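In what follows, a single structure is set out as structure tokens and then discussed.
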Amino acid sequence: MAISEATIESMIKDLPLPKNILDTLRKDTFGVGVSKKEMEEIILRVVESYEYACVEPCEAVGVVSAQSIGEPGTQMTMRTFHYAGVAEINVTLGLPRLIEIVDARKSPSTPMMTVALDEGYSTDRDKARAVAWEIEATHIEHLADVTTDLANMQLIIDLNGKILTQRNMHIDDIAEKLRDELKVNITSPDAVENQLIITPDEPSYRLLLQLAKNIHTITLKGIEGIARVVIRKDGDEYTLFTEGSALKDVLYIEGVDATRTHTNNIVETYDVFGIEAARNSIIKEAIDTLNEQGLSVDIRHIMLVSDIMTCDGAVKQIGRHGISGEKASVFARAAFEVTVNHLLDAGMRGDVDNLNGVTENIIVGQPIKLGTGDVHLVAKRPVIE
């Protein structure tokens with residue numbers, strides 16, 4: 001026989017659980033016909049799972065997390081590049097990538113984006129390709145052959161009409177872009193189709209060579225820094241993978257789904273979406289890196305690391321310029337790196353170390369304040385008559 005909603009509510013509300021877990025339990029239970037015995041079993045198992053998941057008082061969660069991540073890290077490969085299922089896109093994996101993540105590098109060695117597409121674009125390959133051309137940086141070498149005519153002191157650009165049509169570009173737009181960037185005279189002869197002639201302001205061999213060099217640095221279409229875009233079909237959807245990262249610029253392109261587009265550059269994620277997104281990015285990138293190597297680490301350890309790296313509202317590295325260098329304890333800072341400098345600076349400032357942490361107590365040779373070391377016997381002095 002099903003018990004009433006009021007009875008279930010009264011059983012749930014007195015459980016020693018956080019409000020969010022109680023709300024979830026309440027939502028999953030109401031409307032489901034369960035017996036009183038089944039309800040008691042559900043509650044008992046939830047409470048047991050919650051209590052098992054809780055951290056014991058005085059447990060050294062930082063040390064456990066460091067060990068849990070560090071030990072699998074010794075099994076990781078040192079290879080830097082690998083084709084991660086995406087043709088032609090190099091991705092840093094293994095230990096070098098994990099080091100990049102915890103170092104909070106401003107620019108990873110192989111930045112890339114995964115660009116999701118809106119409905120209507122994600123199932124149409126032609127539309128997906130059009131979005132890819134809007135993202136990928138197009139330079140003159142993609143469109144034309146550039147010839148240096150020393151006899152007439154000119155640069156001759158022979159454009160490929162088929163590629164222009166494919167990338168939805170027009171010769172007049174290219175001429176205007178080059179004219180604005182190079183500040184030179186550009187003409188298009190009527191006798192030859194899809195040809196541009198660049199003539200320097202003065203007939204100088206040195207100036208002509210400089211123009212031939214500069215013309216290759218101009219981005220005619222797309223986003224500067226995105227060297228290549230690869231289209232891959234995942235299930236029924238087309239997804240774009242980019243070599244290079246420019247998250248902010250990509251989000252403005254029509255057809256891009258901003259809610260599912262992400263980059264492997266954590267600092268860029270922080271700049272565009274904020275600190276909570278950066279925290280999630282650290283967790284995702286670390287878990288993906290470990291999983292790719294076949295290593296399993298409990299997500300709570302990764303979450304603790306990401307919390308420490310982002311708790312001040314900015315992404316900080318785990319190193320002497322970040323977390324380790326900002327510890328309150330002088331001995332803890334000195335034990336990490338540049339020992340003499342830390343001790344000399346602390347001596348000149350007259351710093352005091354309260355010896356509250358693990359590292360500093362080990363250095364001075366006394367019990368650490370964890371486990372039995374955290375318990376102190378308090379007793380009255382005997383009264384002597």
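Residue names in the structure tokens use chain letters A, B, ... in the order shown, residue numbers from 1 in each chain, and ligand numbers from 1 in the order shown.
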Residues of region 323-358 of chain A within 12 Å of region 296-308 of chain A: nearest atom pair and distance (Å, one decimal) for each, counting only C-alpha atoms, sorted by chain and number, as a Markdown table?
```
| residue | atom | partner | partner_atom | distance |
| --- | --- | --- | --- | --- |
| A:Ile323 | CA | A:Ile308 | CA | 7.7 |
| A:Ser324 | CA | A:Ile308 | CA | 10.7 |
| A:Glu326 | CA | A:Ile308 | CA | 11.7 |
| A:Lys327 | CA | A:Ile308 | CA | 11.8 |
```
Identify all residues of region 72-260 of chain A in helix (DSSP H, G or I) (DSSP on the backbone) and supply them as a ChimeraX atom specification.
-> /A:72-73,94-102,125-135,140-143,161-166,171-182,205-217,247-250
Go ahead and compute the interatomic distance for CA of Leu220 (chain A) and CA of Ala144 (chain A), in Å to one decimal.
->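 Pair CA of Leu220 (chain A) / CA of Ala144 (chain A) returns 12.0 Å.
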Which residues come within 12 Å of region 335-339 of chain A, counting only C-alpha atoms, excluding same-chain residues fewer than 3 positions away, as a PyMOL selection string?
-> chain A and resi 318-327+329-332+342-346+358-364
Output as a VMD selection string all residues of region 155-339 of chain A that backbone DSSP marks as strand (DSSP E or B).
-> chain A and resid 155 to 159 185 to 187 195 to 199 221 228 to 234 237 to 243 256 262 to 263
Can I get the selection written as a PDB file, in the first residue's frame, with N, CA and C atoms?
```
ATOM      1  N   LEU A 155      53.970  43.489 -58.448  1.00  0.00           N
ATOM      2  CA  LEU A 155      53.567  42.183 -57.919  1.00  0.00           C
ATOM      3  C   LEU A 155      52.312  41.764 -58.665  1.00  0.00           C
ATOM      4  N   ILE A 156      52.332  40.572 -59.247  1.00  0.00           N
ATOM      5  CA  ILE A 156      51.169  40.075 -59.993  1.00  0.00           C
ATOM      6  C   ILE A 156      50.505  38.964 -59.180  1.00  0.00           C
ATOM      7  N   ILE A 157      49.210  39.147 -58.896  1.00  0.00           N
ATOM      8  CA  ILE A 157      48.459  38.174 -58.109  1.00  0.00           C
ATOM      9  C   ILE A 157      47.427  37.509 -59.009  1.00  0.00           C
ATOM     10  N   ASP A 158      47.611  36.207 -59.270  1.00  0.00           N
ATOM     11  CA  ASP A 158      46.672  35.441 -60.098  1.00  0.00           C
ATOM     12  C   ASP A 158      45.741  34.646 -59.177  1.00  0.00           C
ATOM     13  N   LEU A 159      44.500  35.112 -59.040  1.00  0.00           N
ATOM     14  CA  LEU A 159      43.534  34.497 -58.126  1.00  0.00           C
ATOM     15  C   LEU A 159      42.867  33.279 -58.755  1.00  0.00           C
ATOM     16  N   ASN A 185      48.992  51.231 -54.697  1.00  0.00           N
ATOM     17  CA  ASN A 185      48.082  51.253 -55.834  1.00  0.00           C
ATOM     18  C   ASN A 185      47.847  49.824 -56.336  1.00  0.00           C
ATOM     19  N   ILE A 186      46.571  49.423 -56.455  1.00  0.00           N
ATOM     20  CA  ILE A 186      46.223  48.085 -56.935  1.00  0.00           C
ATOM     21  C   ILE A 186      45.253  48.228 -58.103  1.00  0.00           C
ATOM     22  N   THR A 187      45.584  47.553 -59.209  1.00  0.00           N
ATOM     23  CA  THR A 187      44.723  47.604 -60.396  1.00  0.00           C
ATOM     24  C   THR A 187      44.331  46.190 -60.815  1.00  0.00           C
ATOM     25  N   GLN A 195      42.840  38.785 -61.897  1.00  0.00           N
ATOM     26  CA  GLN A 195      44.239  39.156 -61.687  1.00  0.00           C
ATOM     27  C   GLN A 195      44.314  40.561 -61.067  1.00  0.00           C
ATOM     28  N   LEU A 196      45.236  40.699 -60.099  1.00  0.00           N
ATOM     29  CA  LEU A 196      45.494  41.998 -59.475  1.00  0.00           C
ATOM     30  C   LEU A 196      46.964  42.336 -59.657  1.00  0.00           C
ATOM     31  N   ILE A 197      47.223  43.623 -59.893  1.00  0.00           N
ATOM     32  CA  ILE A 197      48.608  44.087 -60.046  1.00  0.00           C
ATOM     33  C   ILE A 197      48.883  45.156 -59.001  1.00  0.00           C
ATOM     34  N   ILE A 198      49.918  44.921 -58.197  1.00  0.00           N
ATOM     35  CA  ILE A 198      50.313  45.877 -57.148  1.00  0.00           C
ATOM     36  C   ILE A 198      51.560  46.619 -57.622  1.00  0.00           C
ATOM     37  N   THR A 199      51.454  47.924 -57.631  1.00  0.00           N
ATOM     38  CA  THR A 199      52.575  48.762 -58.071  1.00  0.00           C
ATOM     39  C   THR A 199      53.006  49.660 -56.905  1.00  0.00           C
ATOM     40  N   LYS A 221      40.129  37.067 -44.788  1.00  0.00           N
ATOM     41  CA  LYS A 221      38.814  36.658 -44.290  1.00  0.00           C
ATOM     42  C   LYS A 221      39.030  35.723 -43.113  1.00  0.00           C
ATOM     43  N   ARG A 228      43.525  26.452 -39.101  1.00  0.00           N
ATOM     44  CA  ARG A 228      42.810  25.402 -39.824  1.00  0.00           C
ATOM     45  C   ARG A 228      41.521  25.070 -39.098  1.00  0.00           C
ATOM     46  N   VAL A 229      40.506  24.697 -39.854  1.00  0.00           N
ATOM     47  CA  VAL A 229      39.240  24.231 -39.295  1.00  0.00           C
ATOM     48  C   VAL A 229      38.910  22.885 -39.928  1.00  0.00           C
ATOM     49  N   VAL A 230      38.631  21.909 -39.094  1.00  0.00           N
ATOM     50  CA  VAL A 230      38.285  20.570 -39.562  1.00  0.00           C
ATOM     51  C   VAL A 230      36.845  20.272 -39.180  1.00  0.00           C
ATOM     52  N   ILE A 231      36.082  19.725 -40.106  1.00  0.00           N
ATOM     53  CA  ILE A 231      34.682  19.364 -39.846  1.00  0.00           C
ATOM     54  C   ILE A 231      34.612  17.869 -39.583  1.00  0.00           C
ATOM     55  N   ARG A 232      33.940  17.516 -38.476  1.00  0.00           N
ATOM     56  CA  ARG A 232      33.753  16.095 -38.172  1.00  0.00           C
ATOM     57  C   ARG A 232      32.298  15.849 -37.826  1.00  0.00           C
ATOM     58  N   LYS A 233      31.777  14.714 -38.244  1.00  0.00           N
ATOM     59  CA  LYS A 233      30.381  14.385 -37.956  1.00  0.00           C
ATOM     60  C   LYS A 233      30.318  13.495 -36.719  1.00  0.00           C
ATOM     61  N   ASP A 234      29.650  14.001 -35.655  1.00  0.00           N
ATOM     62  CA  ASP A 234      29.418  13.225 -34.445  1.00  0.00           C
ATOM     63  C   ASP A 234      27.940  12.877 -34.392  1.00  0.00           C
ATOM     64  N   GLU A 237      25.209  15.289 -36.037  1.00  0.00           N
ATOM     65  CA  GLU A 237      25.639  16.685 -36.067  1.00  0.00           C
ATOM     66  C   GLU A 237      27.049  16.834 -36.616  1.00  0.00           C
ATOM     67  N   TYR A 238      27.264  17.968 -37.282  1.00  0.00           N
ATOM     68  CA  TYR A 238      28.612  18.353 -37.695  1.00  0.00           C
ATOM     69  C   TYR A 238      29.200  19.265 -36.630  1.00  0.00           C
ATOM     70  N   THR A 239      30.453  18.999 -36.265  1.00  0.00           N
ATOM     71  CA  THR A 239      31.154  19.820 -35.274  1.00  0.00           C
ATOM     72  C   THR A 239      32.451  20.308 -35.895  1.00  0.00           C
ATOM     73  N   LEU A 240      32.846  21.533 -35.564  1.00  0.00           N
ATOM     74  CA  LEU A 240      34.079  22.111 -36.095  1.00  0.00           C
ATOM     75  C   LEU A 240      35.181  22.046 -35.046  1.00  0.00           C
ATOM     76  N   PHE A 241      36.367  21.662 -35.472  1.00  0.00           N
ATOM     77  CA  PHE A 241      37.550  21.660 -34.603  1.00  0.00           C
ATOM     78  C   PHE A 241      38.578  22.605 -35.219  1.00  0.00           C
ATOM     79  N   THR A 242      39.076  23.521 -34.421  1.00  0.00           N
ATOM     80  CA  THR A 242      39.983  24.546 -34.945  1.00  0.00           C
ATOM     81  C   THR A 242      41.393  24.364 -34.412  1.00  0.00           C
ATOM     82  N   GLU A 243      42.351  24.686 -35.248  1.00  0.00           N
ATOM     83  CA  GLU A 243      43.747  24.754 -34.815  1.00  0.00           C
ATOM     84  C   GLU A 243      44.035  26.221 -34.526  1.00  0.00           C
ATOM     85  N   VAL A 256      27.017  29.672 -34.955  1.00  0.00           N
ATOM     86  CA  VAL A 256      27.770  29.056 -33.859  1.00  0.00           C
ATOM     87  C   VAL A 256      26.910  29.009 -32.602  1.00  0.00           C
ATOM     88  N   HIS A 262      33.561  25.473 -26.821  1.00  0.00           N
ATOM     89  CA  HIS A 262      34.561  25.649 -25.755  1.00  0.00           C
ATOM     90  C   HIS A 262      35.969  25.548 -26.340  1.00  0.00           C
ATOM     91  N   THR A 263      36.941  26.002 -25.542  1.00  0.00           N
ATOM     92  CA  THR A 263      38.345  26.005 -25.928  1.00  0.00           C
ATOM     93  C   THR A 263      39.156  25.272 -24.875  1.00  0.00           C
TER      94      THR A 263
END
```
CA of Ala128 (chain A) to CA of Ile171 (chain A), straight-line distance in Å = 23.6 Å
